$ cat work_39.txt   # compact mmCIF, C-alpha atoms and all ligand atoms
# COMPACT_ATOMS: atom_id res chain seq x y z
CA MET U 13 216.12 290.95 70.35
CA LEU U 14 212.49 291.78 69.81
CA PHE U 15 212.84 290.89 66.13
CA LYS U 16 214.36 287.53 66.95
CA ASN U 17 211.55 286.81 69.40
CA ILE U 18 208.92 287.52 66.77
CA TRP U 19 210.61 285.11 64.37
CA THR U 20 210.84 282.46 67.04
CA ARG U 21 207.15 282.90 67.79
CA MET U 22 206.23 282.78 64.12
CA ILE U 23 208.26 279.62 63.61
CA THR U 24 206.68 278.06 66.68
CA LEU U 25 203.19 279.01 65.49
CA ALA U 26 203.90 277.68 61.99
CA ALA U 27 205.19 274.43 63.42
CA ALA U 28 202.13 274.13 65.65
CA GLY U 29 199.99 274.82 62.60
CA ILE U 30 201.59 272.02 60.64
CA VAL U 31 201.16 269.63 63.55
CA SER U 32 197.49 270.50 63.97
CA ILE U 33 196.87 270.20 60.21
CA GLY U 34 198.56 266.81 60.37
CA LEU U 35 196.36 265.73 63.26
CA ALA U 36 193.20 266.91 61.51
CA THR U 37 194.12 264.93 58.37
CA ALA U 38 194.80 261.83 60.41
CA GLY U 39 191.43 262.27 62.13
CA ALA U 40 189.59 262.65 58.83
CA GLU U 41 191.24 259.55 57.40
CA ASP U 42 190.38 257.59 60.48
CA LYS U 43 186.75 258.67 60.19
CA LYS U 44 186.65 257.79 56.50
CA THR U 45 187.96 254.27 57.21
CA LYS U 46 185.28 253.79 59.81
CA GLU U 47 182.56 254.97 57.43
CA ASN U 48 183.76 252.56 54.74
CA ALA U 49 183.84 249.70 57.20
CA GLY U 50 180.28 250.56 58.24
CA ALA U 51 179.04 250.61 54.64
CA GLU U 52 180.69 247.28 53.92
CA ALA U 53 179.27 245.71 57.05
CA LYS U 54 175.81 246.90 55.96
CA LYS U 55 176.28 245.40 52.51
CA ALA U 56 177.38 242.05 53.94
CA SER U 57 174.44 241.82 56.33
CA THR U 58 171.61 242.28 53.85
CA ALA U 59 170.36 238.82 54.90
CA PRO U 60 169.68 238.68 58.64
CA GLU U 61 170.90 241.46 60.88
CA ARG U 62 173.48 239.61 62.93
CA VAL U 63 173.26 239.45 66.69
CA ILE U 64 176.79 239.35 68.07
CA LYS U 65 177.53 239.36 71.79
CA THR U 66 180.54 238.61 73.97
CA ASP U 67 180.69 235.45 76.00
CA ALA U 68 180.00 237.46 79.15
CA GLU U 69 176.92 239.07 77.58
CA TRP U 70 175.52 235.67 76.57
CA ARG U 71 176.11 234.34 80.07
CA ALA U 72 174.24 237.32 81.48
CA ILE U 73 171.06 236.79 79.41
CA LEU U 74 170.90 232.97 79.21
CA THR U 75 170.31 230.44 81.97
CA PRO U 76 173.32 228.16 82.60
CA GLU U 77 171.56 225.31 80.75
CA GLN U 78 170.60 227.54 77.79
CA TYR U 79 174.18 228.79 77.69
CA ARG U 80 175.64 225.26 77.78
CA ILE U 81 173.45 224.16 74.88
CA THR U 82 173.38 227.22 72.62
CA ARG U 83 176.92 228.50 73.10
CA GLN U 84 178.80 225.29 73.88
CA GLN U 85 177.07 222.82 71.53
CA GLY U 86 175.43 221.01 74.43
CA THR U 87 172.54 218.55 74.24
CA GLU U 88 169.72 218.24 76.74
CA ALA U 89 168.77 214.76 77.96
CA ALA U 90 166.07 213.15 75.80
CA PHE U 91 162.48 213.31 77.12
CA THR U 92 163.35 216.13 79.55
CA GLY U 93 162.91 219.35 77.57
CA ARG U 94 159.79 221.49 77.76
CA TYR U 95 158.85 221.07 74.08
CA TRP U 96 159.54 217.47 73.03
CA LYS U 97 155.86 216.53 73.39
CA PHE U 98 154.41 220.01 73.37
CA LYS U 99 151.61 220.56 70.83
CA GLY U 100 150.78 224.27 70.89
CA GLU U 101 150.11 226.16 67.69
CA GLY U 102 152.56 228.92 67.01
CA THR U 103 156.16 229.77 66.25
CA TYR U 104 159.39 228.53 67.80
CA VAL U 105 162.00 231.25 68.04
CA CYS U 106 165.68 231.24 69.04
CA VAL U 107 165.95 231.42 72.83
CA ALA U 108 169.04 233.61 72.54
CA CYS U 109 167.99 236.22 69.96
CA GLY U 110 164.29 235.69 69.18
CA TYR U 111 164.79 234.82 65.50
CA GLU U 112 161.91 232.80 64.02
CA LEU U 113 163.10 229.24 63.43
CA PHE U 114 160.26 226.70 63.19
CA ASP U 115 156.50 226.67 62.72
CA SER U 116 154.44 224.31 64.89
CA GLN U 117 152.83 223.03 61.68
CA THR U 118 156.11 221.31 60.74
CA LYS U 119 156.59 219.73 64.18
CA TYR U 120 155.99 216.00 64.37
CA LYS U 121 156.28 213.11 66.78
CA SER U 122 159.65 211.51 66.12
CA GLY U 123 159.83 209.41 69.27
CA THR U 124 163.36 210.66 69.98
CA GLY U 125 162.53 212.77 73.03
CA TRP U 126 163.56 216.03 71.36
CA PRO U 127 161.34 218.49 69.51
CA SER U 128 161.47 217.47 65.85
CA PHE U 129 160.56 219.44 62.75
CA TRP U 130 160.69 218.58 59.07
CA GLU U 131 161.43 222.10 57.85
CA PRO U 132 162.63 225.51 59.15
CA ILE U 133 160.14 228.38 59.03
CA VAL U 134 162.42 230.11 56.50
CA GLU U 135 165.32 228.13 55.07
CA SER U 136 167.84 230.96 55.48
CA HIS U 137 167.03 231.33 59.19
CA VAL U 138 168.70 228.03 60.05
CA GLY U 139 172.36 227.45 59.17
CA GLU U 140 174.18 224.13 58.79
CA VAL U 141 177.67 223.25 59.98
CA THR U 142 179.51 219.93 59.66
CA ASP U 143 179.98 218.50 63.14
CA ARG U 144 182.76 215.93 63.53
CA GLY U 145 182.43 215.68 67.32
CA SER U 146 181.42 212.60 69.32
CA GLY U 147 183.09 210.26 66.78
CA MET U 148 180.38 210.92 64.17
CA ILE U 149 179.92 213.17 61.20
CA ARG U 150 176.64 215.00 61.67
CA THR U 151 175.12 218.20 60.40
CA GLU U 152 174.80 220.70 63.20
CA VAL U 153 172.06 223.33 62.85
CA ILE U 154 172.48 226.85 64.15
CA CYS U 155 170.47 230.06 64.38
CA ASN U 156 171.63 232.07 61.39
CA ARG U 157 171.31 235.36 63.25
CA CYS U 158 173.28 234.68 66.44
CA ASP U 159 175.04 231.35 65.69
CA SER U 160 173.41 229.61 68.64
CA HIS U 161 173.65 225.83 68.49
CA LEU U 162 170.14 224.39 68.07
CA GLY U 163 170.66 220.68 67.41
CA HIS U 164 171.24 218.52 64.33
CA VAL U 165 169.47 217.67 61.09
CA PHE U 166 169.16 214.07 59.86
CA GLU U 167 167.80 212.57 56.67
CA ASP U 168 165.31 210.21 58.26
CA GLY U 169 162.40 212.63 58.61
CA PRO U 170 158.88 212.44 57.20
CA ARG U 171 157.60 213.74 53.91
CA PRO U 172 157.63 216.15 52.18
CA THR U 173 161.29 216.98 52.97
CA GLY U 174 162.52 213.72 54.48
CA LEU U 175 164.42 215.79 57.02
CA ARG U 176 164.41 215.60 60.79
CA TYR U 177 165.51 218.74 62.56
CA CYS U 178 166.30 217.40 66.02
CA ILE U 179 166.30 220.48 68.25
CA ASN U 180 166.97 221.11 71.93
CA SER U 181 163.98 222.57 73.77
CA GLU U 182 166.44 224.74 75.65
CA ALA U 183 167.44 226.46 72.41
CA LEU U 184 163.82 227.46 71.70
CA ASN U 185 161.10 229.76 72.93
CA PHE U 186 157.51 229.17 71.88
CA ILE U 187 155.27 232.06 70.81
CA PRO U 188 151.61 230.93 70.74
CA ALA U 189 149.67 231.76 67.58
CA GLU U 190 146.89 233.34 69.66
CA LYS U 191 149.32 235.81 71.17
CA GLU U 192 150.69 236.68 67.74
CA LYS U 193 147.17 237.31 66.46
CA THR U 194 146.24 239.46 69.46
CA GLU U 195 149.40 241.52 69.14
CA ALA U 196 148.83 242.02 65.41
CA ALA U 197 145.21 243.04 66.06
CA GLU U 198 146.30 245.52 68.75
CA LYS U 199 148.83 247.05 66.40
CA THR U 200 146.15 247.52 63.74
CA LYS U 201 143.79 249.07 66.29
CA LYS U 202 146.43 251.59 67.39
CA LYS U 203 146.90 252.67 63.76
ZN ZN U 301 169.52 233.28 67.51
$ encode --input "work_39.txt" --output "structure tokens"
Amino acid sequence: MLFKNIWTRMITLAAAGIVSIGLATAGAEDKKTKENAGAEAKKASTAPERVIKTDAEWRAILTPEQYRITRQQGTEAAFTGRYWKFKGEGTYVCVACGYELFDSQTKYKSGTGWPSFWEPIVESHVGEVTDRGSGMIRTEVICNRCDSHLGHVFEDGPRPTGLRYCINSEALNFIPAEKEKTEAAEKTKKK
């Protein structure tokens, strides 16, 4: 009786052992897959580090108007935005993720009622998408880091590019050059 019990116990233990080995292997494989996925994601994002948020997260950080324009391809009414006739010197960044998009030196008076630029600050920072909405074929421009809708680009701009980036003020935040300089100087001082 005792003998039989020992065997039963040994079999039970062995079985448990196999199960736990099985579980450990499954765990290791799962971890490996995740590591590979991470490495591949890193490889793919050598350009800008993507900013990806859920719809609810965007709603939480953007005003309703910013949300309507950047996440739902909206357009602000002409001559109403805060930057269409603004002339400060500095950098325009994405209102949603802070990515640098346009330099004030490429801003010009287009007469359209929207902030207009003839060139992005860095070409790869602004993406282009074919927009077939509103019964027209236009080229939509987006922030290449968070995919926010910014506006459209047209080929009736001034020299040297001949392009007109027609951007919603609501999609932008302006960082004055003075502030950038001060911050840079403070950083140097701290070092
Ligand atoms: Zn962005």
$ residues_around --input "work_39.txt" --residues "stretch 167-170 of chain U" --least-positions-apart "4" --cutoff "10 Å" --atoms "all atoms listed in the file" --output "list in words"
Thr118, Tyr120, Lys121, Ser122, Ser128, Phe129, Trp130, Glu131, Thr151, Gly174, Leu175, Arg176, Tyr177 and Cys178 of chain U
$ residues_around --input "work_39.txt" --residues "U:Asn156" --least-positions-apart "4" --cutoff "7 Å" --atoms "all atoms listed in the file" --output "list in words"
His137, Val138 and Gly139 of chain U
$ closest_residue --input "work_39.txt" --among "U:Arg83, U:Arg157, U:Arg150, U:His164" --to "ligand ZN 301 (chain U)" --atoms "all atoms listed in the file"
U:Arg157
$ residues_near_ligand --input "work_39.txt" --ligand "ligand ZN 301 (chain U)" --cutoff "8 Å" --atoms "all atoms listed in the file" --output "list in words"
Val63, Val105, Cys106, Val107, Ala108, Cys109, Gly110, Tyr111, Ile154, Cys155, Asn156, Arg157, Cys158, Asp159 and Ser160 of chain U
$ closest_residue --input "work_39.txt" --among "U:Trp70, U:Ile187, U:Glu182, U:Glu198" --to "U:Ser116" --atoms "only C-alpha atoms"
U:Ile187
$ residues_near_point --input "work_39.txt" --point "(163.7, 218.8, 73.3)" --cutoff "9 Å" --atoms "only C-alpha atoms" --output "list in words"
Thr87, Glu88, Ala89, Ala90, Phe91, Thr92, Gly93, Arg94, Tyr95, Trp96, Lys97, Thr124, Gly125, Trp126, Pro127, Ser128, Cys178, Ile179, Asn180, Ser181, Glu182, Ala183 and Leu184 of chain U
$ write_last_selection --input "work_39.txt" --atoms "C-alpha atoms" --output "compact mmCIF listing (two decimals), in the coordinates of the input"
# COMPACT_ATOMS: atom_id res chain seq x y z
CA THR U 87 172.54 218.55 74.24
CA GLU U 88 169.72 218.24 76.74
CA ALA U 89 168.77 214.76 77.96
CA ALA U 90 166.07 213.15 75.80
CA PHE U 91 162.48 213.31 77.12
CA THR U 92 163.35 216.13 79.55
CA GLY U 93 162.91 219.35 77.57
CA ARG U 94 159.79 221.49 77.76
CA TYR U 95 158.85 221.07 74.08
CA TRP U 96 159.54 217.47 73.03
CA LYS U 97 155.86 216.53 73.39
CA THR U 124 163.36 210.66 69.98
CA GLY U 125 162.53 212.77 73.03
CA TRP U 126 163.56 216.03 71.36
CA PRO U 127 161.34 218.49 69.51
CA SER U 128 161.47 217.47 65.85
CA CYS U 178 166.30 217.40 66.02
CA ILE U 179 166.30 220.48 68.25
CA ASN U 180 166.97 221.11 71.93
CA SER U 181 163.98 222.57 73.77
CA GLU U 182 166.44 224.74 75.65
CA ALA U 183 167.44 226.46 72.41
CA LEU U 184 163.82 227.46 71.70
$ atom_distance --input "work_39.txt" --atom1 "atom CA of U:Glu190" --atom2 "atom CA of U:Gln117"
14.3 Å
$ atom_distance --input "work_39.txt" --atom1 "atom CA of U:Tyr104" --atom2 "atom CA of U:Met148"
27.6 Å
$ atom_distance --input "work_39.txt" --atom1 "atom CA of U:Ala68" --atom2 "atom CA of U:Arg80"
13.0 Å
$ axis_aligned_box --input "work_39.txt" --around "stretch 91-105 of chain U" --padding-each-side "4 Å" --output "JSON"
{"center_x": 156.7, "center_y": 222.3, "center_z": 72.9, "size_x": 21.2, "size_y": 25.9, "size_z": 21.3}
$ residues_around --input "work_39.txt" --residues "U:Phe114" --least-positions-apart "3" --cutoff "6 Å" --atoms "all atoms listed in the file" --output "JSON, numbers by chain"
{"U": [103, 104, 132, 133]}
$ write_last_selection --input "work_39.txt" --atoms "C-alpha atoms" --output "short mmCIF file (atom, residue, chain, number, x, y, z; two decimals), in the coordinates of the input"
data_model
loop_
_atom_site.label_atom_id
_atom_site.label_comp_id
_atom_site.auth_asym_id
_atom_site.auth_seq_id
_atom_site.Cartn_x
_atom_site.Cartn_y
_atom_site.Cartn_z
CA THR U 103 156.16 229.77 66.25
CA TYR U 104 159.39 228.53 67.80
CA PRO U 132 162.63 225.51 59.15
CA ILE U 133 160.14 228.38 59.03
#
